[in-house]
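> Dropping in entry.cif, with mmCIF, C-alpha atoms.
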data_data
loop_
_atom_site.group_PDB
_atom_site.id
_atom_site.type_symbol
_atom_site.label_atom_id
_atom_site.label_comp_id
_atom_site.auth_asym_id
_atom_site.auth_seq_id
_atom_site.Cartn_x
_atom_site.Cartn_y
_atom_site.Cartn_z
ATOM 1 C CA MET A 1 25.428 -12.198 16.094
ATOM 2 C CA GLY A 2 28.097 -13.366 18.476
ATOM 3 C CA ARG A 3 27.236 -15.518 21.468
ATOM 4 C CA SER A 4 29.680 -13.725 23.754
ATOM 5 C CA ARG A 5 26.845 -11.386 24.727
ATOM 6 C CA ARG A 6 23.753 -12.499 26.571
ATOM 7 C CA SER A 7 20.537 -12.076 24.655
ATOM 8 C CA ILE A 8 17.614 -10.023 25.939
ATOM 9 C CA PRO A 9 15.435 -13.151 26.453
ATOM 10 C CA GLU A 10 18.191 -14.651 28.606
ATOM 11 C CA GLU A 11 18.552 -11.475 30.644
ATOM 12 C CA LEU A 12 14.796 -11.152 31.117
ATOM 13 C CA LEU A 13 14.638 -14.719 32.413
ATOM 14 C CA LEU A 14 17.551 -14.159 34.800
ATOM 15 C CA LEU A 15 15.784 -11.062 36.145
ATOM 16 C CA ALA A 16 12.628 -13.101 36.744
ATOM 17 C CA LEU A 17 14.369 -15.909 38.648
ATOM 18 C CA ASP A 18 13.797 -15.678 42.382
ATOM 19 C CA PRO A 19 17.170 -16.303 44.062
ATOM 20 C CA THR A 20 15.475 -17.728 47.169
ATOM 21 C CA THR A 21 12.830 -20.059 45.749
ATOM 22 C CA GLY A 22 14.333 -20.855 42.357
ATOM 23 C CA THR A 23 11.011 -20.138 40.672
ATOM 24 C CA THR A 24 10.249 -17.552 38.011
ATOM 25 C CA ALA A 25 8.118 -14.521 38.818
ATOM 26 C CA GLN A 26 5.069 -13.857 36.643
ATOM 27 C CA PRO A 27 5.437 -17.138 34.714
ATOM 28 C CA GLN A 28 2.465 -16.696 32.376
ATOM 29 C CA SER A 29 3.250 -13.160 31.303
ATOM 30 C CA LEU A 30 6.952 -14.031 31.236
ATOM 31 C CA ASP A 31 6.285 -16.451 28.379
ATOM 32 C CA LEU A 32 4.818 -13.563 26.380
ATOM 33 C CA GLY A 33 7.772 -11.390 27.350
ATOM 34 C CA LEU A 34 10.264 -13.969 26.107
ATOM 35 C CA ALA A 35 8.530 -14.088 22.720
ATOM 36 C CA GLY A 36 8.651 -10.285 22.617
ATOM 37 C CA ALA A 37 12.283 -10.238 23.715
ATOM 38 C CA GLN A 38 13.146 -12.435 20.747
ATOM 39 C CA LEU A 39 11.676 -9.793 18.438
ATOM 40 C CA VAL A 40 13.750 -7.058 20.063
ATOM 41 C CA GLU A 41 16.907 -9.157 19.822
ATOM 42 C CA LEU A 42 16.264 -9.902 16.145
ATOM 43 C CA ALA A 43 15.686 -6.198 15.499
ATOM 44 C CA LEU A 44 18.947 -5.251 17.206
ATOM 45 C CA ALA A 45 20.670 -7.873 15.038
ATOM 46 C CA GLY A 46 19.268 -6.223 11.906
ATOM 47 C CA ARG A 47 17.086 -9.203 10.921
ATOM 48 C CA ILE A 48 13.660 -7.626 11.392
ATOM 49 C CA ALA A 49 12.271 -4.101 11.530
ATOM 50 C CA PRO A 50 8.998 -2.556 12.680
ATOM 51 C CA ASP A 51 6.420 -1.495 10.083
ATOM 52 C CA GLY A 52 3.802 0.378 12.059
ATOM 53 C CA ASP A 53 2.461 -2.256 14.470
ATOM 54 C CA ARG A 54 3.836 -5.041 12.293
ATOM 55 C CA ILE A 55 7.149 -6.844 12.155
ATOM 56 C CA ALA A 56 8.874 -7.349 8.808
ATOM 57 C CA VAL A 57 11.852 -9.573 8.025
ATOM 58 C CA VAL A 58 14.567 -7.494 6.374
ATOM 59 C CA SER A 59 17.341 -10.106 6.398
ATOM 60 C CA PRO A 60 16.767 -13.877 6.726
ATOM 61 C CA ARG A 61 20.460 -14.515 7.406
ATOM 62 C CA PRO A 62 20.847 -16.720 10.516
ATOM 63 C CA THR A 63 22.108 -15.088 13.697
ATOM 64 C CA GLY A 64 23.933 -18.135 15.046
ATOM 65 C CA ASP A 65 21.480 -18.451 17.957
ATOM 66 C CA PRO A 66 19.316 -21.545 17.244
ATOM 67 C CA THR A 67 16.322 -20.326 19.243
ATOM 68 C CA LEU A 68 16.335 -16.892 17.611
ATOM 69 C CA ASP A 69 16.892 -18.413 14.187
ATOM 70 C CA CYS A 70 13.831 -20.626 14.673
ATOM 71 C CA ALA A 71 11.735 -17.520 15.395
ATOM 72 C CA LEU A 72 13.273 -15.721 12.412
ATOM 73 C CA GLU A 73 12.429 -18.623 10.094
ATOM 74 C CA LEU A 74 8.837 -18.704 11.337
ATOM 75 C CA LEU A 75 8.534 -14.983 10.652
ATOM 76 C CA ARG A 76 10.052 -15.426 7.186
ATOM 77 C CA ARG A 77 7.565 -18.151 6.332
ATOM 78 C CA ARG A 78 4.683 -15.775 6.983
ATOM 79 C CA GLY A 79 5.645 -14.084 3.729
ATOM 80 C CA ALA A 80 4.305 -10.709 4.886
ATOM 81 C CA PRO A 81 4.757 -8.465 7.932
ATOM 82 C CA VAL A 82 2.949 -9.848 10.967
ATOM 83 C CA ARG A 83 1.327 -7.817 13.704
ATOM 84 C CA ALA A 84 3.406 -7.890 16.875
ATOM 85 C CA VAL A 85 0.354 -8.554 19.048
ATOM 86 C CA ASN A 86 -0.570 -11.608 16.968
ATOM 87 C CA TRP A 87 2.967 -12.971 16.986
ATOM 88 C CA ILE A 88 3.433 -12.567 20.743
ATOM 89 C CA GLY A 89 -0.027 -13.976 21.460
ATOM 90 C CA GLY A 90 0.628 -17.106 19.393
ATOM 91 C CA PRO A 91 1.549 -20.469 20.916
ATOM 92 C CA ARG A 92 5.081 -20.558 22.323
ATOM 93 C CA LEU A 93 5.038 -23.907 24.098
ATOM 94 C CA GLY A 94 8.253 -24.689 25.917
ATOM 95 C CA LEU A 95 9.957 -21.360 25.223
ATOM 96 C CA ARG A 96 10.708 -20.652 28.881
ATOM 97 C CA GLN A 97 12.064 -24.164 29.410
ATOM 98 C CA THR A 98 14.178 -23.849 26.260
ATOM 99 C CA TYR A 99 15.887 -20.778 27.674
ATOM 100 C CA LEU A 100 16.238 -22.295 31.146
ATOM 101 C CA SER A 101 17.927 -25.344 29.620
ATOM 102 C CA HIS A 102 20.213 -23.084 27.604
ATOM 103 C CA LEU A 103 21.194 -21.105 30.702
ATOM 104 C CA GLU A 104 21.885 -24.390 32.475
ATOM 105 C CA ARG A 105 24.153 -25.564 29.649
ATOM 106 C CA CYS A 106 25.995 -22.249 29.827
ATOM 107 C CA GLY A 107 26.510 -22.693 33.561
ATOM 108 C CA MET A 108 24.484 -19.603 34.487
ATOM 109 C CA VAL A 109 21.846 -21.600 36.392
ATOM 110 C CA HIS A 110 21.676 -25.084 37.860
ATOM 111 C CA ALA A 111 18.638 -27.312 38.241
ATOM 112 C CA VAL A 112 17.474 -28.415 41.690
ATOM 113 C CA ALA A 113 15.126 -31.403 41.794
ATOM 114 C CA GLY A 114 12.305 -31.419 44.334
ATOM 115 C CA GLN A 115 8.747 -32.504 44.973
ATOM 116 C CA MET A 116 5.431 -30.716 45.213
ATOM 117 C CA CYS A 117 3.180 -31.905 48.038
ATOM 118 C CA GLY A 118 5.731 -34.662 48.595
ATOM 119 C CA VAL A 119 4.614 -36.451 45.428
ATOM 120 C CA LEU A 120 4.885 -34.511 42.180
ATOM 121 C CA PRO A 121 8.456 -34.053 40.907
ATOM 122 C CA THR A 122 9.488 -30.451 40.328
ATOM 123 C CA THR A 123 12.577 -28.687 39.041
ATOM 124 C CA ARG A 124 13.727 -25.301 40.282
ATOM 125 C CA TYR A 125 16.592 -23.246 38.933
ATOM 126 C CA GLN A 126 19.140 -21.375 40.992
ATOM 127 C CA ALA A 127 21.578 -18.825 39.574
ATOM 128 C CA SER A 128 25.093 -20.257 39.433
ATOM 129 C CA GLN A 129 26.809 -17.013 38.491
ATOM 130 C CA THR A 130 25.151 -14.451 40.726
ATOM 131 C CA GLU A 131 27.492 -11.719 39.506
ATOM 132 C CA ILE A 132 25.780 -11.892 36.094
ATOM 133 C CA SER A 133 22.345 -11.365 37.629
ATOM 134 C CA ARG A 134 23.759 -8.519 39.726
ATOM 135 C CA GLU A 135 25.254 -6.859 36.642
ATOM 136 C CA ILE A 136 21.909 -6.988 34.836
ATOM 137 C CA ARG A 137 20.099 -5.581 37.855
ATOM 138 C CA THR A 138 22.742 -2.864 38.275
ATOM 139 C CA ARG A 139 22.146 -1.658 34.728
ATOM 140 C CA LEU A 140 18.431 -1.278 35.420
ATOM 141 C CA ASP A 141 19.029 0.366 38.777
ATOM 142 C CA SER A 142 21.469 2.814 37.213
ATOM 143 C CA ALA A 143 19.027 3.796 34.480
ATOM 144 C CA ILE A 144 16.298 4.315 37.077
ATOM 145 C CA ARG A 145 18.474 6.186 39.570
ATOM 146 C CA THR A 146 20.425 8.493 37.263
ATOM 147 C CA GLY A 147 17.771 9.330 34.709
ATOM 148 C CA VAL A 148 20.421 9.091 31.974
ATOM 149 C CA PRO A 149 18.926 7.552 28.802
ATOM 150 C CA PRO A 150 20.033 3.901 28.795
ATOM 151 C CA ASP A 151 21.485 2.024 25.852
ATOM 152 C CA PRO A 152 18.914 0.327 23.572
ATOM 153 C CA ARG A 153 19.405 -3.115 25.104
ATOM 154 C CA THR A 154 18.849 -1.894 28.661
ATOM 155 C CA ALA A 155 15.901 0.247 27.591
ATOM 156 C CA ALA A 156 14.271 -2.720 25.841
ATOM 157 C CA LEU A 157 14.923 -4.959 28.853
ATOM 158 C CA ALA A 158 13.315 -2.369 31.140
ATOM 159 C CA ALA A 159 10.297 -2.068 28.838
ATOM 160 C CA LEU A 160 9.786 -5.835 28.824
ATOM 161 C CA ALA A 161 10.348 -6.136 32.578
ATOM 162 C CA HIS A 162 7.584 -3.588 33.111
ATOM 163 C CA ALA A 163 5.300 -5.225 30.525
ATOM 164 C CA VAL A 164 5.420 -8.670 32.161
ATOM 165 C CA GLY A 165 4.939 -7.268 35.661
ATOM 166 C CA LEU A 166 8.420 -7.729 37.098
ATOM 167 C CA GLY A 167 8.348 -4.270 38.683
ATOM 168 C CA LYS A 168 6.856 -5.558 41.944
ATOM 169 C CA HIS A 169 9.327 -8.447 41.953
ATOM 170 C CA LEU A 170 12.337 -6.184 41.448
ATOM 171 C CA TYR A 171 11.150 -3.178 43.480
ATOM 172 C CA PRO A 172 8.592 -4.440 46.028
ATOM 173 C CA GLY A 173 6.481 -2.580 48.544
ATOM 174 C CA ASN A 174 5.680 1.075 48.991
ATOM 175 C CA GLU A 175 9.371 1.938 49.042
ATOM 176 C CA GLY A 176 9.704 0.569 45.505
ATOM 177 C CA ARG A 177 6.802 2.563 44.095
ATOM 178 C CA SER A 178 8.894 5.372 42.614
ATOM 179 C CA SER A 179 11.348 2.873 41.107
ATOM 180 C CA ARG A 180 8.478 0.977 39.498
ATOM 181 C CA SER A 181 7.195 4.222 38.044
ATOM 182 C CA ARG A 182 10.595 5.109 36.600
ATOM 183 C CA LEU A 183 10.964 1.563 35.239
ATOM 184 C CA ARG A 184 7.728 2.117 33.343
ATOM 185 C CA ASP A 185 8.985 5.454 32.029
ATOM 186 C CA LEU A 186 12.090 3.818 30.497
ATOM 187 C CA ILE A 187 9.806 2.299 27.879
ATOM 188 C CA ARG A 188 10.080 5.485 25.827
ATOM 189 C CA HIS A 189 13.815 5.164 25.258
ATOM 190 C CA ASP A 190 13.667 2.284 22.757
ATOM 191 C CA PRO A 191 11.016 2.384 19.995
ATOM 192 C CA MET A 192 11.182 -1.321 19.181
ATOM 193 C CA GLY A 193 11.179 -2.292 22.859
ATOM 194 C CA GLY A 194 8.216 0.024 23.390
ATOM 195 C CA LEU A 195 6.274 -1.454 20.472
ATOM 196 C CA VAL A 196 6.845 -4.989 21.718
ATOM 197 C CA ALA A 197 6.137 -4.119 25.368
ATOM 198 C CA HIS A 198 2.804 -2.548 24.419
ATOM 199 C CA ALA A 199 1.970 -5.673 22.377
ATOM 200 C CA VAL A 200 2.759 -7.883 25.404
ATOM 201 C CA MET A 201 0.427 -5.801 27.576
ATOM 202 C CA ASP A 202 -2.281 -5.862 24.890
ATOM 203 C CA VAL A 203 -2.207 -9.658 24.791
ATOM 204 C CA GLN A 204 -2.469 -9.843 28.583
ATOM 205 C CA ASN A 205 -5.405 -7.436 28.554
ATOM 206 C CA GLY A 206 -7.168 -9.313 25.769
ATOM 207 C CA VAL A 207 -6.925 -6.306 23.503
ATOM 208 C CA ALA A 208 -6.248 -6.726 19.797
ATOM 209 C CA ALA A 209 -4.405 -3.543 18.863
ATOM 210 C CA GLN A 210 -6.049 -1.890 15.906
ATOM 211 C CA PRO A 211 -3.671 -1.439 12.976
ATOM 212 C CA ARG A 212 -2.585 2.182 12.815
ATOM 213 C CA ARG A 213 -4.388 3.904 9.981
ATOM 214 C CA SER A 214 -2.034 5.963 7.893
ATOM 215 C CA PRO A 215 -3.294 9.205 6.342
ATOM 216 C CA ALA A 216 -4.060 9.167 2.647
ATOM 217 C CA PRO A 217 -0.956 9.847 0.515
ATOM 218 C CA ALA A 218 -0.586 13.449 -0.540
ATOM 219 C CA ALA A 219 -1.138 14.299 -4.164
ATOM 220 C CA GLY A 220 1.705 13.090 -6.297
ATOM 221 C CA ARG A 221 3.049 10.819 -3.584
ATOM 222 C CA GLN A 222 2.494 7.064 -3.682
ATOM 223 C CA ALA A 223 2.033 4.817 -0.691
ATOM 224 C CA ALA A 224 5.060 2.806 0.372
ATOM 225 C CA PRO A 225 5.404 -0.556 -1.417
ATOM 226 C CA GLY A 226 4.052 -3.465 0.598
ATOM 227 C CA ALA A 227 1.876 -1.245 2.838
ATOM 228 C CA ARG A 228 -0.661 -3.294 4.778
ATOM 229 C CA SER A 229 -4.390 -2.742 4.835
ATOM 230 C CA ALA A 230 -5.622 -1.283 8.125
ATOM 231 C CA SER A 231 -8.806 -3.375 7.904
ATOM 232 C CA GLU A 232 -7.196 -6.794 8.311
ATOM 233 C CA PRO A 233 -8.617 -8.438 11.453
ATOM 234 C CA ALA A 234 -6.502 -10.203 14.045
ATOM 235 C CA ARG A 235 -6.637 -13.970 13.962
ATOM 236 C CA GLY A 236 -7.891 -15.573 17.162
ATOM 237 C CA VAL A 237 -8.167 -12.293 19.101
ATOM 238 C CA PRO A 238 -11.434 -10.301 19.431
ATOM 239 C CA MET A 239 -11.251 -6.897 17.812
ATOM 240 C CA GLN A 240 -11.603 -4.056 20.278
ATOM 241 C CA PRO A 241 -10.721 -0.385 20.023
ATOM 242 C CA ARG A 242 -7.165 0.313 21.105
ATOM 243 C CA ARG A 243 -6.779 2.863 23.816
ATOM 244 C CA GLY A 244 -4.028 4.731 22.047
ATOM 245 C CA SER A 245 -2.265 4.735 18.758
ATOM 246 C CA MET A 246 1.225 3.274 18.841
ATOM 247 C CA ALA A 247 3.883 5.484 17.355
ATOM 248 C CA ARG A 248 5.866 4.108 14.447
ATOM 249 C CA ALA A 249 9.166 2.750 15.691
ATOM 250 C CA VAL A 250 12.471 3.389 14.041
ATOM 251 C CA ALA A 251 14.500 0.326 13.120
ATOM 252 C CA HIS A 252 17.882 -0.012 14.753
#
Have the structure of the file written as structure tokens, please.

Amino acid sequence: MGRSRRSIPEELLLLALDPTTGTTAQPQSLDLGLAGAQLVELALAGRIAPDGDRIAVVSPRPTGDPTLDCALELLRRRGAPVRAVNWIGGPRLGLRQTYLSHLERCGMVHAVAGQMCGVLPTTRYQASQTEISREIRTRLDSAIRTGVPPDPRTAALAALAHAVGLGKHLYPGNEGRSSRSRLRDLIRHDPMGGLVAHAVMDVQNGVAAQPRRSPAPAAGRQAAPGARSASEPARGVPMQPRRGSMARAVAH
């Protein structure tokens, strides 16, 4: 995967940066969104693919992005497809700072030192190349305004932006209500982005998505090799009924 193109985690973080304060909107849910954005980026690179509500490694070949390759290696070490909700809900300490530091090295943001309450040192990040942030925002605005199905990357970015709660940051107030609604609707245009976005929202809501139960194989037809048992419980997340079955996504 070439590094000439910004990754979805990078774009999601740039969307979340407040140009006035230099802080990130929705910081807690943003961390979940960045973990989910890595999955979408790896899927678009052909390294992983959805298997129901699970994520399977289909090619362990490195992408050339160290942060993505670290996530890919962790997935590979699992040895079996992992549920998206469990992966996104796992510990991702320092992921946001890793991407902020990367954007700083690339010259897309610059750090501004400060103090909280006049004592505690703080670091804020301001966009250095505002035209990049504008281009990202323009893509979302265009998809919302025109109703034309966006490309997979923009659709996935929109799905994640909605999932982490950036709608009110991007389209505030009553006048932004219809735009927020259309941002939510864009989730349907990318199956992988939709799967991951739903997993992000499930983690925030404390819901462990039930594995989708597949119907019994028809006579004379065997189940797919490597199919996972629907009775496997989530680790570290209380089992609760899911409010809706998640459709099987199609790998890109």
> Pull the neighbourhood of (3.3, -10.4, 13.3) for me: all residues within 10 Å in file coordinates, counting all atoms listed in the file, as JSON, numbers by chain.
{"A": [39, 50, 51, 53, 54, 55, 56, 75, 78, 80, 81, 82, 83, 84, 85, 86, 87, 88, 89, 90, 234]}
> Tell me which of A:Ala158, A:Arg76, A:Ile144, A:Leu12 sits closest to Arg177 (chain A), counting all atoms listed in the file.
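Looking only at the distances to Arg177 (chain A), the closest residue turns out to be A:Ile144.
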> One number please: CA of Asp31 (chain A) to CA of Leu95 (chain A), in Å, one decimal.
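Pair CA of Asp31 (chain A) / CA of Leu95 (chain A) returns 6.9 Å.
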> What is the distance, in Å and to one decimal place, between CA of Pro152 (chain A) and CA of Leu103 (chain A)?
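Atom-to-atom, CA of Pro152 (chain A) to CA of Leu103 (chain A), that is 22.7 Å.
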> Applied to the shown file, which residues does the PyMOL selection byres ((chain A and resi 19) around 9) return, written as a list in words?
Leu17, Asp18, Thr20, Thr21, Gly22, Thr23, Tyr125, Gln126, Ala127 and Thr130 of chain A
> Record the distance separating CA of Val58 (chain A) and CA of Asp202 (chain A), expressed in Å with one decimal.
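Taking CA of Val58 (chain A) and CA of Asp202 (chain A), their separation equals 25.1 Å.
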> Could you list, as number ranges by chain, every residue within 8 Å of Leu68 (chain A), counting all atoms listed in the file and ignoring same-chain residues fewer than 5 positions away?
A: 38, 42, 63
> Go through A:Cys70, A:Ala45, A:Val112, A:Leu15 and flag the residue nearest Leu170 (chain A), using all atoms listed in the file for the distances.
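Selected residue with least distance to Leu170 (chain A): A:Leu15.
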> Neighbours of Ser179 (chain A) within 12 Å (all atoms listed in the file; same-chain residues fewer than 5 positions away dropped), as a PDB file with C-alpha atoms, in the coordinates of the input?

ATOM      1  CA  LEU A 140      18.431  -1.278  35.420  1.00  0.00           C
ATOM      2  CA  ASP A 141      19.029   0.366  38.777  1.00  0.00           C
ATOM      3  CA  SER A 142      21.469   2.814  37.213  1.00  0.00           C
ATOM      4  CA  ALA A 143      19.027   3.796  34.480  1.00  0.00           C
ATOM      5  CA  ILE A 144      16.298   4.315  37.077  1.00  0.00           C
ATOM      6  CA  ARG A 145      18.474   6.186  39.570  1.00  0.00           C
ATOM      7  CA  THR A 146      20.425   8.493  37.263  1.00  0.00           C
ATOM      8  CA  GLY A 147      17.771   9.330  34.709  1.00  0.00           C
ATOM      9  CA  ALA A 158      13.315  -2.369  31.140  1.00  0.00           C
ATOM     10  CA  HIS A 162       7.584  -3.588  33.111  1.00  0.00           C
ATOM     11  CA  LEU A 166       8.420  -7.729  37.098  1.00  0.00           C
ATOM     12  CA  GLY A 167       8.348  -4.270  38.683  1.00  0.00           C
ATOM     13  CA  LYS A 168       6.856  -5.558  41.944  1.00  0.00           C
ATOM     14  CA  HIS A 169       9.327  -8.447  41.953  1.00  0.00           C
ATOM     15  CA  LEU A 170      12.337  -6.184  41.448  1.00  0.00           C
ATOM     16  CA  TYR A 171      11.150  -3.178  43.480  1.00  0.00           C
ATOM     17  CA  PRO A 172       8.592  -4.440  46.028  1.00  0.00           C
ATOM     18  CA  GLY A 173       6.481  -2.580  48.544  1.00  0.00           C
ATOM     19  CA  ASN A 174       5.680   1.075  48.991  1.00  0.00           C
ATOM     20  CA  ARG A 184       7.728   2.117  33.343  1.00  0.00           C
ATOM     21  CA  ASP A 185       8.985   5.454  32.029  1.00  0.00           C
ATOM     22  CA  LEU A 186      12.090   3.818  30.497  1.00  0.00           C
TER      23      LEU A 186
END
> If we count only C-alpha atoms, what is near Ala163 (chain A) at a cut-off of 6 Å, once residues fewer than 2 positions away on the same chain are taken out, given as a VMD selection string?
chain A and resid 160 to 161 165 197 201
> Near Thr154 (chain A), within 12 Å and counting all atoms listed in the file, which residues show up once chain neighbours fewer than 4 positions away are dropped, as a PyMOL selection string?
chain A and resi 6-9+11-12+37+40-41+44+135-144+148-150+158-161+183+186-190+193
